Each structure stands twice: as structure tokens, then as C-alpha cells.
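As C-alpha cells, the structure follows; a few thoughts come after it.
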Amino acid sequence: MKQVYLTGITTTGTPHLGNYAGAIRPAIAASQRSDTENFYFLADLHALIKSNDPASVAQSRLEIAAAWIALGLDTDKAVFYSQSDIPEIPALTWLLTCQTSKGLMNRAHAYKAVVQENEDAGSTDPDKGITMGLFSYPVLMAADILMFKAHKIPVGKDQIQHIEMARDIAQRFNHHYGEHFVLPEAVVDESTAVLAGLDGRKMSKSYNNTIPLFAPEKQFRKLIMKIKTNSQEPGEPKEADGNTLFEIYRAFATPEQIEDVRRQYADGIGWGEMKQYLFEHLNLMLRDPREKYQALMAQPEEIGKILEQGAEKARAHSSVFLKELYKAVGISAFN
Ligand code: TRP
């Protein structure tokens, strides 16, 4: 039996190095194996939880789609689509919502983080600014995953809890209605799971510290030069592990390259020199994809066609499966 790999990227903001290391690269690698089936998508319904700005959601959809293709996803082999093109996903979300205990959602990190912020700010309403979209975000994500009977979900560490919730919800549904759902598992690449950003904290859109994958070369170099370092002088031996420049390099280098740079740290490489080295390394990796990306961005209708074909393939599964699920819960045609 083939292993089904599935992952999505929320379409807010511009694709960054963390998206590549955490989701796109492992997903593409999985899609190149012959023993897998692959479902990769733009989580554009999830984007609405975070953004009320139509123009930026539209731009991000285009950029993230172009990034997947430019970085080498074979869209003839993998099923590549927009979540919003699959109407069965919101329908399944409802079936799952009716199996999800509110207490489970109360424990979701994304929701709890905002409650904490409200409390820290001394607000009298702990749920201030929290929509039902944010609160039930893990249910929509469970529908994404369970719809395609996915086994393996390549994600960053921060998403592990959501995959566990998808399992819980699936188990509850299976318990009531029979074994319809496959229980998914997160696939987290330990070496890159917490890629550091410009300021050394986890690279994340919410920290505003991301390094975009496809910034023009000059701007890309400038950003790398901006990565925060300490006051150690050239010539001083330096600790590689935990250093932001090293950690970013490590995520995109071979074991031999990593050992070589580790030695250079011990020999006291200067921060300026290391930044230049990191820039050249990443730039080499991104040069061809950047060109492809720019060509794709100039032809949005090509991207549109690819996504339409993907949605058609995805719906061949989802429309059949949703009927089965409706029937299982007691909703089917009388004739
Ligand atoms: N929530 C994920 C993120 O923000 C994106 C996402 C939505 C996803 N649905 C998914 C990831 C299903 C994996 C599987 O990164």
C-alpha cells in the first residue's frame, strides 16, 4: 500500500526559507519516491483566519503556488491544489466539528497563545479578538488531512499538536461511525524543524523575521547581512551550534559542508565572512528556482491551470469519500 503524504502552507505572506525547509523540501522529496502518493495544497481558507486583507491573500496564494512549482514539485505526479477549490473540505469540517469536544479546542496552542496575550494585557475578556475561525482552526486542518486519508504530514514542530488533534477527532468519528478515517502522523525533520530567523528566534511570519526565498539577489544579500550576531571578533573561536548563521547554513548543507563550516567556526571565522559564505551558498541553491519563480509570477494563468487540474484530481477522491461519510452519519438520497 502506498503511503499518502499531505501538507499545506497557509497563504499569508511571502514564501520563506522556513517554508522550504519545513514543508516544501521534505514534501517534494517524498513525491519523488515511487511508494508514495502526494497531496500538497494552498491553505487559503486558513489564511482567512489570520488576514482580512483580500489583496494580500490573493498575492500570497500566487507566490506560494509559484514557489512550490519553482522549487521542483512535479505537478503531474503530485496532486497540487487550492483548499478553497475543494468544497468537500468545509463540508467535512462540519461533520468533524460535531465530533470535536470543545475542551480539546480549548487546549490548542494557537488559541491559548491569544488568550494568554489578552490576560497579559490585562483585558477583562480573555477571548478578545478571537474568532470562531481561530478557535476551530484545528478542525479545518483535520478535514484537510482526513479527507485524503493521509498517513504522513511533513510539518514544522509547531504543527504537531494539530496533527494529534486530527487523530483524536478521527478516532472519535471512527468509534461512532466505523473505520472511515486513517490516523495521520506528523513527519518532523529534527535538523530543520526550528529554522532560526533574522533575529535568532524561530523563523515565522508572526515574528516578522523571515527570509524570503525569492527576493531579488541584491535584497536577499542585504537580508543575510542583517542576521543578528554577537560582538565576537574575527579570529576568536566560535560556538557553531545554536548560532543563527550556522543553523541556517546547516539546514541547507550536506554533512561534509556542515563539518567544514564547523571547523571554520573553531578557527575563528568572522561574522562578516560567514554571512557572505552563507549568502553565496543559499544564492547558488536558489538561483535557478528564482528564475523559474519570476517566469511563473509573470504568468498567473499558467499557475491557475495547474491548480485547476490539481483540484479536479483531488475532487475525484473527495467527492466520493464525502458521499460515503454522509451515508455513514445517516444522510443519503432516498431514491
Ligand atoms: N496550519 C498549517 C500552518 O500554518 C497549514 C496547514 C493547513 C496544514 N492545513 C494543513 C499543514 C494540513 C499540514 C496539513 O503551517
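Residues in the C-alpha cells are numbered from 1 in each chain, the chains being A, B, ... in the order shown, and ligands are numbered from 1 in the order shown.
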- Dump the neighbourhood of ligand 1 as a PyMOL selection string: all residues within 9 Å, distances computed on only C-alpha atoms and all ligand atoms. chain A and resi 6-11+19+23+40-47+83+137-138+140-145+153-156+158-159+162-163+186
- Task: From the DSSP assignment of the backbone, select every residue of region 79-292 of chain A that is alpha helix (DSSP H), and format the answer as a PyMOL selection string.
- Result: chain A and resi 88-97+102-106+109-120+132-135+137-147+160-177+217-226+244-251+255-266+271-292
Select from region 66-184 of chain A every residue with an atom at most 12 Å from any atom of region 210-230 of chain A, then for each give the shortest pair of atoms and their distance in Å to one decimal, using only C-alpha atoms, rows by chain and rising number, as a Markdown table.
```
| residue | atom | partner | partner_atom | distance |
| --- | --- | --- | --- | --- |
| A:Ala66 | CA | A:Phe214 | CA | 10.2 |
| A:Ala67 | CA | A:Leu213 | CA | 8.2 |
| A:Trp68 | CA | A:Leu213 | CA | 11.0 |
| A:Ala70 | CA | A:Phe214 | CA | 10.0 |
| A:Leu71 | CA | A:Leu213 | CA | 9.9 |
```
Surrounding residues of region 146-150 of chain A excluding itself and chain neighbours under 6 positions, 8 Å, only C-alpha atoms, as a CSV table (one decimal) with C-alpha atoms, in the first residue's frame:
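Saved to around_34.csv:
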```csv
chain,number,residue,atom,x,y,z
A,3,GLN,CA,1.9,6.0,1.8
A,4,VAL,CA,-0.1,9.1,1.4
A,5,TYR,CA,1.9,12.4,2.1
A,6,LEU,CA,-0.1,15.6,2.5
A,39,PHE,CA,-1.4,15.8,-1.8
A,89,ILE,CA,-13.4,20.2,2.8
A,92,LEU,CA,-16.2,17.6,6.2
A,166,ALA,CA,-6.7,15.4,13.9
A,170,ALA,CA,-10.7,10.9,13.5
A,181,PHE,CA,-10.5,7.6,8.6
A,182,VAL,CA,-6.8,6.9,8.5
A,183,LEU,CA,-4.9,8.2,11.6
A,184,PRO,CA,-2.2,10.6,10.4
A,317,HIS,CA,-11.3,11.5,-4.2
A,318,SER,CA,-13.1,14.0,-2.0
A,321,PHE,CA,-15.4,10.0,0.1
A,322,LEU,CA,-17.8,12.7,1.3
```
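Distances here use only C-alpha atoms; by that measure, the residue among A:Met105, A:Ala295, A:Asp199, A:Glu247 closest to Gln161 (chain A) is A:Met105.
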- Report the distance between CA of Leu73 (chain A) and CA of Val187 (chain A) in Å, rounded to one decimal place. 18.4 Å
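Going from CA of Ile64 (chain A) over to CA of Tyr81 (chain A), you cover 11.4 Å.
Among the candidate residues A:Tyr111, A:Phe252, A:Tyr293, A:Phe334, the one lying nearest to Gly72 (chain A) is A:Tyr293, with distances computed using only C-alpha atoms.
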- Pick out each residue of region 74-217 of chain A that DSSP on the backbone tags as strand (DSSP E); I need them as a PyMOL selection string. chain A and resi 79-82+152-154+185-187
Output file for the residues above (all heavy atoms, as a compact mmCIF listing (two decimals), in the first residue's frame):
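Below is the file again.txt, written as the result:
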```txt
# COMPACT_ATOMS: atom_id res chain seq x y z
N VAL A 79 -0.60 15.67 -6.47
CA VAL A 79 -1.86 16.41 -6.61
C VAL A 79 -1.67 17.75 -5.90
O VAL A 79 -1.45 17.79 -4.68
CB VAL A 79 -3.03 15.62 -6.00
CG1 VAL A 79 -4.33 16.38 -6.20
CG2 VAL A 79 -3.12 14.23 -6.60
N PHE A 80 -1.70 18.83 -6.67
CA PHE A 80 -1.38 20.16 -6.14
C PHE A 80 -2.59 21.07 -6.36
O PHE A 80 -3.01 21.29 -7.51
CB PHE A 80 -0.14 20.69 -6.86
CG PHE A 80 0.31 22.04 -6.38
CD1 PHE A 80 0.63 22.24 -5.05
CD2 PHE A 80 0.42 23.11 -7.26
CE1 PHE A 80 1.05 23.49 -4.60
CE2 PHE A 80 0.85 24.37 -6.82
CZ PHE A 80 1.16 24.54 -5.48
N TYR A 81 -3.16 21.62 -5.30
CA TYR A 81 -4.46 22.29 -5.41
C TYR A 81 -4.63 23.37 -4.34
O TYR A 81 -3.84 23.47 -3.40
CB TYR A 81 -5.58 21.26 -5.27
CG TYR A 81 -5.50 20.45 -3.99
CD1 TYR A 81 -6.26 20.78 -2.88
CD2 TYR A 81 -4.62 19.38 -3.88
CE1 TYR A 81 -6.16 20.05 -1.69
CE2 TYR A 81 -4.51 18.65 -2.71
CZ TYR A 81 -5.28 18.99 -1.62
OH TYR A 81 -5.16 18.29 -0.45
N SER A 82 -5.69 24.15 -4.53
CA SER A 82 -6.11 25.11 -3.50
C SER A 82 -7.17 24.45 -2.64
O SER A 82 -8.13 23.89 -3.17
CB SER A 82 -6.77 26.33 -4.14
OG SER A 82 -5.82 27.20 -4.65
N LYS A 152 1.16 10.54 6.33
CA LYS A 152 2.33 11.30 6.77
C LYS A 152 2.16 12.78 6.44
O LYS A 152 1.88 13.13 5.30
CB LYS A 152 3.59 10.80 6.04
CG LYS A 152 3.82 9.32 6.18
CD LYS A 152 4.51 9.01 7.48
CE LYS A 152 4.86 7.53 7.55
NZ LYS A 152 5.09 7.07 8.90
N ILE A 153 2.41 13.61 7.44
CA ILE A 153 2.21 15.05 7.27
C ILE A 153 3.52 15.78 7.57
O ILE A 153 3.87 15.98 8.74
CB ILE A 153 1.12 15.57 8.26
CG1 ILE A 153 -0.06 14.59 8.37
CG2 ILE A 153 0.65 16.97 7.86
CD1 ILE A 153 -0.85 14.41 7.09
N PRO A 154 4.27 16.18 6.53
CA PRO A 154 5.51 16.94 6.78
C PRO A 154 5.18 18.36 7.27
O PRO A 154 4.54 19.12 6.54
CB PRO A 154 6.20 17.01 5.40
CG PRO A 154 5.45 16.06 4.51
CD PRO A 154 4.08 15.91 5.10
N GLU A 185 0.09 10.90 10.90
CA GLU A 185 1.27 11.13 11.75
C GLU A 185 2.07 12.31 11.23
O GLU A 185 2.26 12.44 10.02
CB GLU A 185 2.22 9.92 11.61
CG GLU A 185 2.14 8.91 12.69
CD GLU A 185 3.03 7.73 12.33
OE1 GLU A 185 4.25 7.94 12.15
OE2 GLU A 185 2.47 6.63 12.18
N ALA A 186 2.59 13.12 12.12
CA ALA A 186 3.45 14.23 11.71
C ALA A 186 4.82 13.69 11.32
O ALA A 186 5.32 12.75 11.93
CB ALA A 186 3.60 15.23 12.85
N VAL A 187 5.43 14.29 10.30
CA VAL A 187 6.82 13.98 9.94
C VAL A 187 7.60 15.27 10.17
O VAL A 187 7.39 16.26 9.46
CB VAL A 187 6.95 13.59 8.46
CG1 VAL A 187 8.39 13.27 8.12
CG2 VAL A 187 6.03 12.45 8.11
```
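Of the residues listed (A:Ile169, A:Ala314, A:Ala91, A:Val329), A:Ala314 shows the shortest atom-to-atom separation from Glu37 (chain A); distances use only C-alpha atoms.
Excluding region 266-269 of chain A itself and same-chain residues fewer than 3 positions from it, the residues having an atom within 6 Å of it are Pro234, Gly235, Glu236, Pro237, Lys238 and Arg263 of chain A, counting only C-alpha atoms.
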Write to file, as a short mmCIF file (atom, residue, chain, number, x, y, z; two decimals), in the first residue's frame, the residues of the selection just made, with N, CA, C and O atoms.
```cif
data_model
loop_
_atom_site.label_atom_id
_atom_site.label_comp_id
_atom_site.auth_asym_id
_atom_site.auth_seq_id
_atom_site.Cartn_x
_atom_site.Cartn_y
_atom_site.Cartn_z
N PRO A 234 36.55 38.66 14.64
CA PRO A 234 37.18 37.67 13.76
C PRO A 234 38.44 37.12 14.45
O PRO A 234 39.14 37.87 15.14
N GLY A 235 38.68 35.82 14.27
CA GLY A 235 39.84 35.21 14.91
C GLY A 235 39.50 34.52 16.21
O GLY A 235 40.17 33.58 16.60
N GLU A 236 38.47 35.00 16.89
CA GLU A 236 38.03 34.31 18.12
C GLU A 236 37.34 33.02 17.75
O GLU A 236 36.44 33.03 16.90
N PRO A 237 37.69 31.90 18.39
CA PRO A 237 36.95 30.66 18.14
C PRO A 237 35.49 30.84 18.54
O PRO A 237 35.20 31.49 19.54
N LYS A 238 34.59 30.27 17.74
CA LYS A 238 33.16 30.49 17.99
C LYS A 238 32.41 29.17 18.09
O LYS A 238 32.77 28.18 17.46
N ARG A 263 34.40 23.55 11.49
CA ARG A 263 35.84 23.76 11.69
C ARG A 263 36.19 25.24 11.54
O ARG A 263 36.98 25.79 12.30
#
```
If you take only C-alpha atoms and a cut-off of 12 Å, which residues of region 45-132 of chain A touch region 206-209 of chain A, and what are their nearest atom pairs and distances in Å to one decimal, in chain and number order, as CSV?
```
residue,atom,partner,partner_atom,distance
A:Lys50,CA,A:Ser206,CA,10.0
A:Ser51,CA,A:Ser206,CA,11.8
A:Ala110,CA,A:Ser206,CA,11.5
```
Could the residues in this selection be saved with all heavy atoms as a CSV table (one decimal), in the first residue's frame?
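Result file follows (out.csv):
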```
chain,number,residue,atom,x,y,z
A,50,LYS,N,-6.3,34.5,9.6
A,50,LYS,CA,-5.2,35.5,10.0
A,50,LYS,C,-5.2,36.8,9.3
A,50,LYS,O,-4.6,37.8,9.7
A,50,LYS,CB,-3.8,34.8,9.7
A,50,LYS,CG,-3.6,33.6,10.5
A,50,LYS,CD,-2.2,33.0,10.2
A,50,LYS,CE,-2.0,31.7,10.9
A,50,LYS,NZ,-0.8,31.0,10.3
A,51,SER,N,-5.9,36.9,8.2
A,51,SER,CA,-5.9,38.1,7.4
A,51,SER,C,-7.2,38.5,6.9
A,51,SER,O,-8.0,37.7,6.3
A,51,SER,CB,-4.9,37.9,6.2
A,51,SER,OG,-5.0,39.0,5.3
A,110,ALA,N,-2.5,27.7,19.4
A,110,ALA,CA,-2.7,28.9,18.7
A,110,ALA,C,-3.8,29.8,19.4
A,110,ALA,O,-3.6,31.0,19.6
A,110,ALA,CB,-3.1,28.6,17.3
```
- So which residues touch Ile306 (chain A) within 9 Å, counting only C-alpha atoms, skipping near sequence neighbours fewer than 4 positions away, as a PyMOL selection string? chain A and resi 75-76+80-81+301-302+310-311
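For the residues A:Gln299, A:Leu96, A:Ser204, A:Ile69, ranking by smallest atom-to-atom distance to Thr12 (chain A) using only C-alpha atoms places A:Ser204 first.
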- Spatial neighbours of region 123-133 of chain A, max dist 7 Å, only C-alpha atoms, sep filter under 5 positions, as a list in words: Ile49, Val115 and Asn118 of chain A
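The coordinates place CA of Gly272 (chain A) at 27.1 Å from CA of Glu291 (chain A).
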- Task: Determine, counting only C-alpha atoms, which protein, DNA and RNA residues have an atom within 12 Å of an atom of Arg262 (chain A); residues of the same chain fewer than 6 positions away are not included. Present the result as a ChimeraX atom specification.
- Result: /A:237-243,245-247,249-250,253,255-256,268-269,274
Selection file, C-alpha atoms, as a PDB file, in the first residue's frame:
```pdb
ATOM      1  CA  PRO A 237      36.953  30.656  18.137  1.00  0.00           C
ATOM      2  CA  LYS A 238      33.160  30.486  17.988  1.00  0.00           C
ATOM      3  CA  GLU A 239      30.480  28.043  19.020  1.00  0.00           C
ATOM      4  CA  ALA A 240      28.688  26.812  15.916  1.00  0.00           C
ATOM      5  CA  ASP A 241      25.715  25.049  17.497  1.00  0.00           C
ATOM      6  CA  GLY A 242      22.930  27.466  18.253  1.00  0.00           C
ATOM      7  CA  ASN A 243      24.470  30.255  16.187  1.00  0.00           C
ATOM      8  CA  LEU A 245      24.122  31.774  10.749  1.00  0.00           C
ATOM      9  CA  PHE A 246      25.326  28.240  11.361  1.00  0.00           C
ATOM     10  CA  GLU A 247      21.845  26.865  11.990  1.00  0.00           C
ATOM     11  CA  TYR A 249      23.532  27.047   6.833  1.00  0.00           C
ATOM     12  CA  ARG A 250      23.117  23.631   8.413  1.00  0.00           C
ATOM     13  CA  ALA A 253      24.029  21.902   3.517  1.00  0.00           C
ATOM     14  CA  PRO A 255      27.047  16.681   6.264  1.00  0.00           C
ATOM     15  CA  GLU A 256      30.526  17.332   4.793  1.00  0.00           C
ATOM     16  CA  GLY A 268      37.508  31.896  14.292  1.00  0.00           C
ATOM     17  CA  ILE A 269      35.750  32.825  11.045  1.00  0.00           C
ATOM     18  CA  MET A 274      30.364  33.817   7.410  1.00  0.00           C
TER      19      MET A 274
END
```
